[in-house]
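Student: Provided herewith is a single structure, encoded as structure tokens, for subsequent inquiry.
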Amino acid sequence: MSQDEDKSEVTEQSGQSRRQFMATTGAVAGAAALGVSGTAEAARKRHPKRGGTLRFSTRSDSRGLDGHRNYYYYVSHPLAATSMGMFDLDLKMNPKPGIAVEHTVSKDMKTYTFKLRQGATFHDGSPIDANSVKWNFDRIQNPKIGHSFTRSSIKDVNRVEIVDNSTIRCHLDNPSGVLIPSLTYYPVQFMSPNSAANADNHPIGAGPFKFVSWKKYDKTIVERNENWWETDDQGNALPYLDKIIGSPKKEDRVRLTALRTGEVDLIENMAYTDAVGFKKKYGDKFNTWDVPQVGTGYLGFNLKSGPFSYSNGAKGKMMRQAAAHAINHEAIHQAVFSGLSEKARGFYSKASPWFMPELERKYEYDPDKARFLLKKSGGMDEKLVLTSRDAYAYMHQTGEISHAMLTEAGFNISHEIHPYAVLKSKWKKGEYSIDSTANSYRPDPDRWFSANVISTSSNTKLRTGFNNPKADKLIIEAKATLEMSKRKELYQAVEEIVNEELPMIYTHFIPLTCAATQNLMGYEPAFNGPYSTQRAGIRTAYMA
Amino acid sequence: MSQIHLDGGGRKVGEIHVPTFNEHFLRYKVAFIDAVQELYKSKTAFIGGVMLVSLVIVLLGTPWLTEYDPTKPNYTAFLNPPNAEHIMGTDRYGRDIFSRVLWGGRRLVAIALAAVVFGMAIGIPYGVLSGYYGGLADSVSMRVVDGLLAFPGILLYLLIVTLAREYHLEGFWNDLILVFALGFAFFPEVARLSRSSVLIEKQKEYVEASNTVGEASLYIAMRQILPNCMSPLIVNATVRLGYVILIIAALSFLGLGTPPPTPDWGSDLSSAREHMETHPLLAVFPGLAICYTVLAFNLFGDGLRDILDPRLSDR
Amino acid sequence: MLIYTINRILHMIPVLFVLTVVVFLFMQMLPGDVIDTLIGDEEAEDPETRALLMKEYGLDQPIYVQYGVWIGKVFQGDFGKSLITRRPVSLELFESIPATVYLAIVGISLSILIAVPLGSIAAVKRNTPTDYAAQVTSLIGISIPEFWFAIMCVLLFSLYLGWLPSSGYMSPFEDFGQSIKYLILPAAAVGFRQAAYTTRLTRSSMLDEMNKEYVDTARSLGFSEKKVIYKYILRNAMIPTITISGLQLANLLGGTVVLETIFAWPGIGQAIYLAIIDRDYPLIQAGILVLGIIVVVVNLLVDLLYRVLNPRVALN
């Protein structure tokens with residue numbers, strides 16, 4: 001251990017209680033309590049009765065098999081079960097030991113040392129050791145290979161040093177208190193170096209299930225990894241299931257029908273209109289779960305050019321305020337989410353440890369005020385465009401109803417729905433005024449604020465173009481802070497700036513309902529997909 | 001009409017009469033009156049005609065038939081069942097479905113009509129000239145048409161409309177782009193059909209006669225041959241209208257139509273699917289509207305074929 | 001005949017050339033590119049990464065160079081790799097085309113099975129209520145949007161009656177019985193519309209044949225009415241029916257996009273449609289080229305077959 005390092009005492013010195021530290025960074029001490037031995041026993045005890053094949057219908061299919069090139073954006077896709085990262089999560093979204101069982105942070109928060117799980121192997125039997133972990137870091141950081149989303153999660157990591165066979169050390173460019181949550185799966189996932197050559201056809205991962213086959217838009221098969229290290233509280237090896245057969249069905253209705261006709265056992269993302277009546281009507285035949293909120297919808301303004309932008313000065317802000325006053329959150333809540341969502345005042349919902357109860361919306365629904373402000377700003381005749389993305393119904397439905405509200409308030413606005421590639425070219429050229437979109441949670445708020453609010457991030461530059469030095473300063477400060485309560489205060493200050501300056505209007509937390517036949521036992525839906533949460537999700541599921 | 005006819009611009013070339021445009025018009029006028037009489041006789045055409053006329057009346061009368069703005073949500077009337085105020089109920093945003101069906105129909109039928117007309121406007125001259133001149137020009141231009149026809153199914157429409165849609169313009173201009181796109185995708189078929197009609201017509205005596213007296217080729221092709229090939233093209237266009245409506249609806253159903261809130265049968269049907277179980281009527285109304293419209297065009301087209309092209313009709 | 005055939009085959013080359021050029025031009029005109037899709041929305045790319053990836057995928061070249069490179073590889077039987085999955089395009093096509101062919105063939109066969117008897121009966125009993133019923137049914141059949149028909153079928157047979165699976169696909173080589181179950185609804189949706197077309201076609205070609213001289217001759221020779229109808233009229237009337245069905249088959253390969261979406265059928269239509277959204281150029285180009293080849297080849301075969309069956313058609 002090097003000089004500048006100091007085990008978790010660092011937290012004591014900064015006056016943070018041990019409990020808080022755990023909540024922040026997912027500390028190590030939890031490992032033993034979880035019954036994780038850290039070694040793969042030779043004879044792994046399987047639960048005598050629990051197993052079976054789960055037929056799971058997801059909304060989307062994976063885009064490819066190489067986990068470094070394609071983050072499995074839909075983390076529920078069975079392919080995501082074949083992979084894992086340095087850390088897992090628990091049901092409260094806190095990081096838990098995964099491949100890394102212990103870690104220490106240097107005082108300057110620029111060096112992280114990780115102790116790796118003894119005896120853990122990839123699916124081909126090759127060891128998960130310092131060499132292979134470093135190889136994974138390097139491959140992800142190769143801009144020709146690593147998906148930008150994955151790459152950006154570890155962009156602070158300057159180099160990875162191999163300390164010994166089971167210890168690695170990450171040297172960062174800048175102090176960061178947020179590396180641990182960034183190393184949860186997803187998106188930083190590991191594959192066997194042996195699979196690199198054939199990663200597009202047959203990935204070899206390290207997750208609780210092993211890859212068997214993938215046929216695009218048709219069928220994915222993964223089978224149980226009998227060498228997975230996790231156990232249940234009786235010491236039986238997880239996961240229980242023998243096999244998962246995934247069949248992507250894009251249409252919500254098609255998925256639900258497939259569940260009802262017995263073609264699949266579990267579905268995700270039920271349409272909101274169906275979810276309302278479904279529990280009542282079919283509660284005796286099917287189980288439903290409201291998955292912890294995983295995303296937040298918002299309307300982002302174009303501050304780079306056009307009537308809402310900085311170039312329009314005070315008038316631009318007044319127009320944004322008018323727009324905010326025009327948005328009837330309750331109507332969106334009812335019309336788009338069938339009353340199932342939660343109206344957002346900040347980015348993090350009640351399900352998150354980062355929820356900020358005191359946060360207020362600055363500009364509430366008030367159509368008269370909207371009209372007044374719009375008239376005052378003289379923006380009545382400005383030609384505006386509201387864009388939404390085609391992939392998700394709630395995005396363009398929110399866009400559709402917001403468009404109606406803005407029109408009613410007197411805005412001269414049109415509505416367009418586009419696929420991602422077109423939207424991106426429009427963002428680049430500034431050919432939009434408002435964008436109806438959503439962003440899904442990262443375990444740590446830095447991943448939201450440092451990507452979408454701070455002025456220096458390429459994503460902020462691409463989309464809203466928000467530029468607030470005060471907010472920037474707060475975000476940088478929060479990143480270099482370990483203590484959670486302190487960080488939360490800083491982020492709350494940022495949210496207040498956002499709600500005042502209106503680079504975006506938070507609208508709703510996106511609800512998610514999944515449903516299963518009653519044969520599916522032990523399943524507990526979890527944030528971040530059903531595979532990366534310890535002792536929950538599909539890891540503990542089995543068929544009766 | 002007599003073989004020898006000297007007045008009215010008609011010319012005598014040997015013993016062969018060359019019909020002129022005016023004469024064609026006259027002939028069509030007579031044919032039209034006959035056709036109207038035939039319409040009564042042909043049950044299909046009659047029923048189709050009545051359906052079409054009522055459709056046109058309803059669509060033209062839309063502003064008077066419904067007072068609701070099809071794009072305006074009503075936050076207090078989400079998903080109402082049919083009732084006295086909203087005879088077809090309301091959708092998820094509280095918009096009146098009856099008004100959406102009517103206004104959506106106006107747009108759809110207008111776009112389909114315009115697209116077919118546009119397709120004919122480029123396809124007919126293309127095919128006629130190609131067929132008339134023959135030779136290398138014909139070969140090259142027909143290979144282009146064949147290349148476009150080699151796109152199976154609706155893939156050409158899909159590709160062109162995707163392209164058109166992403167150069168989004170506002171309101172009317174957006175519809176116009178859609179018209180061009182659909183018309184362009186439709187044109188190869190028209191070009192093929194008009195070319196083959198011309199090839200048949202070209203063999204006829206009057207054309208040879210015109211050639212002999214040294215008429216300008218373009219004049220012969222467009223003024224003399226073309227009017228004689230019109231009837232199969234018109235029949236085809238009528239039947240194709242129904243088909244184009246189905247294609248537009250299918251593309252909207254896939255999400256390639258005009259974005260909401262613009263009323264659109266295909267996309268309304270697609271979004272109604274979410275409410276299939278709880279509010280099945282939502283999908284029924286736009287679906288029935290499509291069926292009715294397409295059926296009207298098909299019936300009428302069928303009847304028209306029987307009348308204008310007796311070769312194919314029942315004997 | 002041989003010269004005609006060779007001539008027709010030679011004609012296919014410019015046709016396919018036009019097809020590929022058109023697709024290439026469209027791809028060029030579509031706003032947004034695959035790099036945007038690949039990079040995703042979490043982190044905007046820096047210009048260097050973009051340049052790097054453009055180079056990696058050969059997209060930095062002028063369009064005609066890209067086309068040349070692509071066509072050169074196609075001649076060597078190499079369709080390249082999908083930009084999204086990075087698997088060989090040929091593999092992606094090989095996975096998706098059979099599902100569509102399977103659906104199209106069964107759908108067409110189903111339509112012939114329904115339409116030929118129906119159309120013949122309508123023709124034989126023309127201007128009777130039977131005929132009108134058949135005509136009205138077939139007219140309604142071609143007027144109903146197939147996606148609407150499909151949705152209604154799912155509602156009835158899967159949801160309310162629970163007889164058939166609502167969606168999904170299984171290869172007939174995997175489990176034939178199951179495969180048929182998955183196939184019934186999509187095939188019915190394809191077949192219903194086709195049957196409507198084919199019924200009309202059969203009826204009108206039957207009527208055409210009935211008016212021919214040989215029919216009167218046969219009758220005057222004392223053949224029974226049954227024999228006249230079944231042995232002569234129906235047989236001859238089948239020629240156009242079968243040929244048109246063949247053409248429809250080729251057309252269906254790209255025409256089932258909507259049904260594939262509704263039934264989560266992993267076919268080529270859906271694959272191309274999603275590739276267009278993703279701007280996965282190699283997959284779009286190869287997919288449309290392969291389908292285009294199938295269309296022109298089927299057209300040629302049908303044409304030749306027609307000429308063999310029906311020698312009255314002059315060779316030009």
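Each chain in the structure tokens gets a letter, A, B and so on, in the order shown; residues start at 1 in every chain, and ligands are counted from 1 in the order they appear.
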Can you pull out the residues contacting stretch 202-208 of chain C? Cut-off 10 Å, using only C-alpha atoms, and skip same-chain residues under 6 positions away; I want them as a ChimeraX atom specification.
Tutor: /B:311-315 /C:112,115-124,126,131,134-135,229,233-242
Student: Taking only C-alpha atoms into account, which residues of chain B are within 9 Å of chain C, as a ChimeraX atom specification?
Tutor: /B:140,142-155,158-160,162-164,166-167,242-243,246-247,249-251,253-254,269,273,276-277,283-284,287-288,290-299,312-315
Student: Give as a JSON list (two decimals) with N, CA and C atoms, in the first residue's frame every residue of chain A that touches chain C within 7 Å, counting only C-alpha atoms.
Tutor:
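Heads up, here's the output in selection37.json:
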```json
[["chain", "number", "residue", "atom", "x", "y", "z"],
["A", 63, "ARG", "N", -28.33, -4.41, -29.31],
["A", 63, "ARG", "CA", -27.88, -3.96, -30.61],
["A", 63, "ARG", "C", -26.67, -4.75, -31.08],
["A", 64, "GLY", "N", -26.08, -5.49, -30.19],
["A", 64, "GLY", "CA", -24.91, -6.25, -30.57],
["A", 64, "GLY", "C", -24.44, -7.02, -29.37],
["A", 65, "LEU", "N", -23.39, -7.79, -29.54],
["A", 65, "LEU", "CA", -22.99, -8.68, -28.46],
["A", 65, "LEU", "C", -21.77, -8.21, -27.68],
["A", 143, "PRO", "N", -11.01, 4.59, -27.90],
["A", 143, "PRO", "CA", -12.16, 5.26, -28.52],
["A", 143, "PRO", "C", -12.70, 4.54, -29.75],
["A", 144, "LYS", "N", -11.90, 3.69, -30.35],
["A", 144, "LYS", "CA", -12.40, 2.95, -31.51],
["A", 144, "LYS", "C", -13.34, 1.84, -31.07],
["A", 147, "HIS", "N", -17.84, 2.13, -26.19],
["A", 147, "HIS", "CA", -18.98, 3.00, -26.41],
["A", 147, "HIS", "C", -18.80, 4.25, -25.56],
["A", 148, "SER", "N", -19.17, 5.40, -26.12],
["A", 148, "SER", "CA", -18.88, 6.65, -25.41],
["A", 148, "SER", "C", -19.49, 6.67, -24.02],
["A", 149, "PHE", "N", -20.62, 6.02, -23.89],
["A", 149, "PHE", "CA", -21.29, 6.01, -22.59],
["A", 149, "PHE", "C", -20.47, 5.24, -21.57],
["A", 200, "ASP", "N", -18.15, -10.10, -31.08],
["A", 200, "ASP", "CA", -19.37, -9.72, -31.80],
["A", 200, "ASP", "C", -20.26, -10.93, -32.07],
["A", 201, "ASN", "N", -19.71, -12.09, -31.91],
["A", 201, "ASN", "CA", -20.49, -13.29, -32.20],
["A", 201, "ASN", "C", -20.74, -14.18, -30.99],
["A", 217, "TYR", "N", -33.86, -9.84, -32.98],
["A", 217, "TYR", "CA", -35.33, -9.65, -32.99],
["A", 217, "TYR", "C", -36.09, -10.94, -32.74],
["A", 218, "ASP", "N", -35.39, -11.97, -32.36],
["A", 218, "ASP", "CA", -36.08, -13.25, -32.24],
["A", 218, "ASP", "C", -35.87, -13.86, -30.86],
["A", 249, "LYS", "N", -40.08, -8.01, -27.76],
["A", 249, "LYS", "CA", -41.32, -7.63, -28.46],
["A", 249, "LYS", "C", -41.48, -6.15, -28.24],
["A", 254, "VAL", "N", -48.24, -6.17, -27.66],
["A", 254, "VAL", "CA", -47.84, -7.51, -28.07],
["A", 254, "VAL", "C", -47.24, -8.27, -26.88],
["A", 257, "THR", "N", -50.01, -9.21, -24.41],
["A", 257, "THR", "CA", -50.81, -10.32, -24.93],
["A", 257, "THR", "C", -50.05, -11.63, -24.80],
["A", 258, "ALA", "N", -48.75, -11.57, -25.08],
["A", 258, "ALA", "CA", -47.94, -12.78, -24.99],
["A", 258, "ALA", "C", -47.93, -13.31, -23.55],
["A", 261, "THR", "N", -51.41, -14.89, -22.88],
["A", 261, "THR", "CA", -51.68, -16.14, -23.56],
["A", 261, "THR", "C", -50.67, -17.22, -23.17],
["A", 263, "GLU", "N", -47.38, -17.28, -23.44],
["A", 263, "GLU", "CA", -46.19, -17.51, -24.25],
["A", 263, "GLU", "C", -44.92, -17.12, -23.52],
["A", 419, "PRO", "N", -36.39, 9.81, -35.17],
["A", 419, "PRO", "CA", -35.49, 8.83, -34.56],
["A", 419, "PRO", "C", -34.22, 9.54, -34.07],
["A", 420, "TYR", "N", -33.47, 8.81, -33.29],
["A", 420, "TYR", "CA", -32.34, 9.41, -32.60],
["A", 420, "TYR", "C", -31.35, 10.11, -33.53],
["A", 421, "ALA", "N", -31.01, 9.43, -34.63],
["A", 421, "ALA", "CA", -29.97, 9.98, -35.50],
["A", 421, "ALA", "C", -30.37, 11.35, -36.04],
["A", 422, "VAL", "N", -31.66, 11.51, -36.36],
["A", 422, "VAL", "CA", -32.11, 12.79, -36.89],
["A", 422, "VAL", "C", -32.12, 13.84, -35.79],
["A", 424, "LYS", "N", -30.26, 14.03, -33.27],
["A", 424, "LYS", "CA", -28.91, 14.45, -32.95],
["A", 424, "LYS", "C", -28.42, 15.48, -33.97],
["A", 425, "SER", "N", -28.74, 15.25, -35.24],
["A", 425, "SER", "CA", -28.28, 16.23, -36.22],
["A", 425, "SER", "C", -29.00, 17.56, -36.03],
["A", 458, "SER", "N", -19.77, 17.66, -23.08],
["A", 458, "SER", "CA", -20.12, 17.69, -24.50],
["A", 458, "SER", "C", -21.62, 17.50, -24.69],
["A", 459, "ASN", "N", -22.24, 16.78, -23.78],
["A", 459, "ASN", "CA", -23.67, 16.55, -23.91],
["A", 459, "ASN", "C", -24.47, 17.84, -23.67],
["A", 462, "LEU", "N", -24.07, 19.90, -26.65],
["A", 462, "LEU", "CA", -24.85, 19.42, -27.78],
["A", 462, "LEU", "C", -26.32, 19.79, -27.65]]
```
Student: When you count only C-alpha atoms, which of these residues is closest to chain A: B:Leu60, B:Leu102, B:Leu241, B:Ala77?
Tutor: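 Among the listed residues, B:Ala77 lies closest to chain A.
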Student: Should the cut-off be 7 Å, what would the residue list for chain A against chain B look like, counting only C-alpha atoms, as a list in words?
Tutor: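 Taking only C-alpha atoms into account, Arg253, Ala271, Thr273, Ala331, Ala335, Glu400, Ala404, His415, Glu416 and Ile417 of chain A sit within 7 Å of chain B.
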Student: Which is closer to A:Ala351 than all the others in A:Ile244, A:Ala100, A:Leu374, A:Val294, using only C-alpha atoms?
Tutor: A:Val294
Student: Quick check for you: according to DSSP on this backbone, which residues of stretch 400-465 of chain A are classed as strand (DSSP E or B)? Reply as a list in words.
Tutor: Asn412, Ile413, Ser414, His415, Glu416, Ile417, His418, Ile434, Asp435, Ser436, Thr437, Ala438, Asn439 and Ser440 of chain A
Student: Just the residues within 9 Å of B:Ala121, please, counting only C-alpha atoms, with nothing from its chain fewer than 5 positions along; format it as a tab-separated table (two decimals) with N, CA and C atoms, in the first residue's frame.
Tutor:
```tsv
chain	number	residue	atom	x	y	z
B	116	VAL	N	-51.50	10.64	-56.29
B	116	VAL	CA	-51.78	9.86	-57.50
B	116	VAL	C	-51.73	10.77	-58.73
B	126	TYR	N	-43.50	10.46	-69.00
B	126	TYR	CA	-42.31	9.62	-68.99
B	126	TYR	C	-42.54	8.35	-69.80
B	183	GLY	N	-46.08	10.27	-54.63
B	183	GLY	CA	-46.26	10.35	-56.07
B	183	GLY	C	-45.05	9.78	-56.79
B	187	PHE	N	-44.91	6.64	-59.37
B	187	PHE	CA	-44.74	6.95	-60.79
B	187	PHE	C	-44.22	5.78	-61.65
```
Student: Please run DSSP on the backbone and report, as a VMD selection string, all residues within stretch 115-353 of chain A that come out as alpha helix (DSSP H).
Tutor: chain A and resid 130 to 141 148 to 153 179 to 182 252 to 260 272 to 282 313 to 326 329 to 335
Student: Leaving out stretch 68-74 of chain C and any residue of its chain fewer than 4 positions from it, which residues lie within 9 Å of it when counting only C-alpha atoms, given as a ChimeraX atom specification?
Tutor: /C:20,63-64,78-80,282,286
Student: Excluding A:Ile154 and its own-chain neighbours fewer than 4 positions away, which residues fall within 9 Å of it when counting only C-alpha atoms? Please give them as a list in words.
Tutor: Phe137, Ile140, Gln141, Thr150, Asn158, Leu179, Ser182, Leu183 and Val188 of chain A
Student: Using C-alpha atoms, can you write the selected residues to a file as a short mmCIF file (atom, residue, chain, number, x, y, z; two decimals), in the first residue's frame?
Tutor:
```cif
data_model
loop_
_atom_site.label_atom_id
_atom_site.label_comp_id
_atom_site.auth_asym_id
_atom_site.auth_seq_id
_atom_site.Cartn_x
_atom_site.Cartn_y
_atom_site.Cartn_z
CA PHE A 137 -10.32 -0.96 -18.64
CA ILE A 140 -13.18 0.27 -22.87
CA GLN A 141 -11.00 3.36 -23.04
CA THR A 150 -19.15 3.27 -21.13
CA ASN A 158 -5.76 8.04 -16.35
CA LEU A 179 -15.66 6.49 -9.13
CA SER A 182 -19.39 4.58 -11.97
CA LEU A 183 -17.90 1.13 -11.80
CA VAL A 188 -18.63 -0.83 -17.03
#
```
Student: Using atom CA of C:Tyr214 and atom CA of C:Leu309 as the two end points, give the distance in Å to one decimal.
Tutor: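 Going from atom CA of C:Tyr214 over to atom CA of C:Leu309 covers 16.9 Å.
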Student: Separation of atom CA of A:Thr540 and atom CA of A:Phe286, in Å?
Tutor: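 Separation between atom CA of A:Thr540 and atom CA of A:Phe286: 18.4 Å.
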Student: Find the residues near A:Leu91: any atom within 8 Å, counting only C-alpha atoms, skip ones fewer than 4 places away on the same chain, and give them as a list in words.
Tutor: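 What passes the distance filter is Ala526, Phe527, Thr533, Gln534 and Ala536 of chain A.
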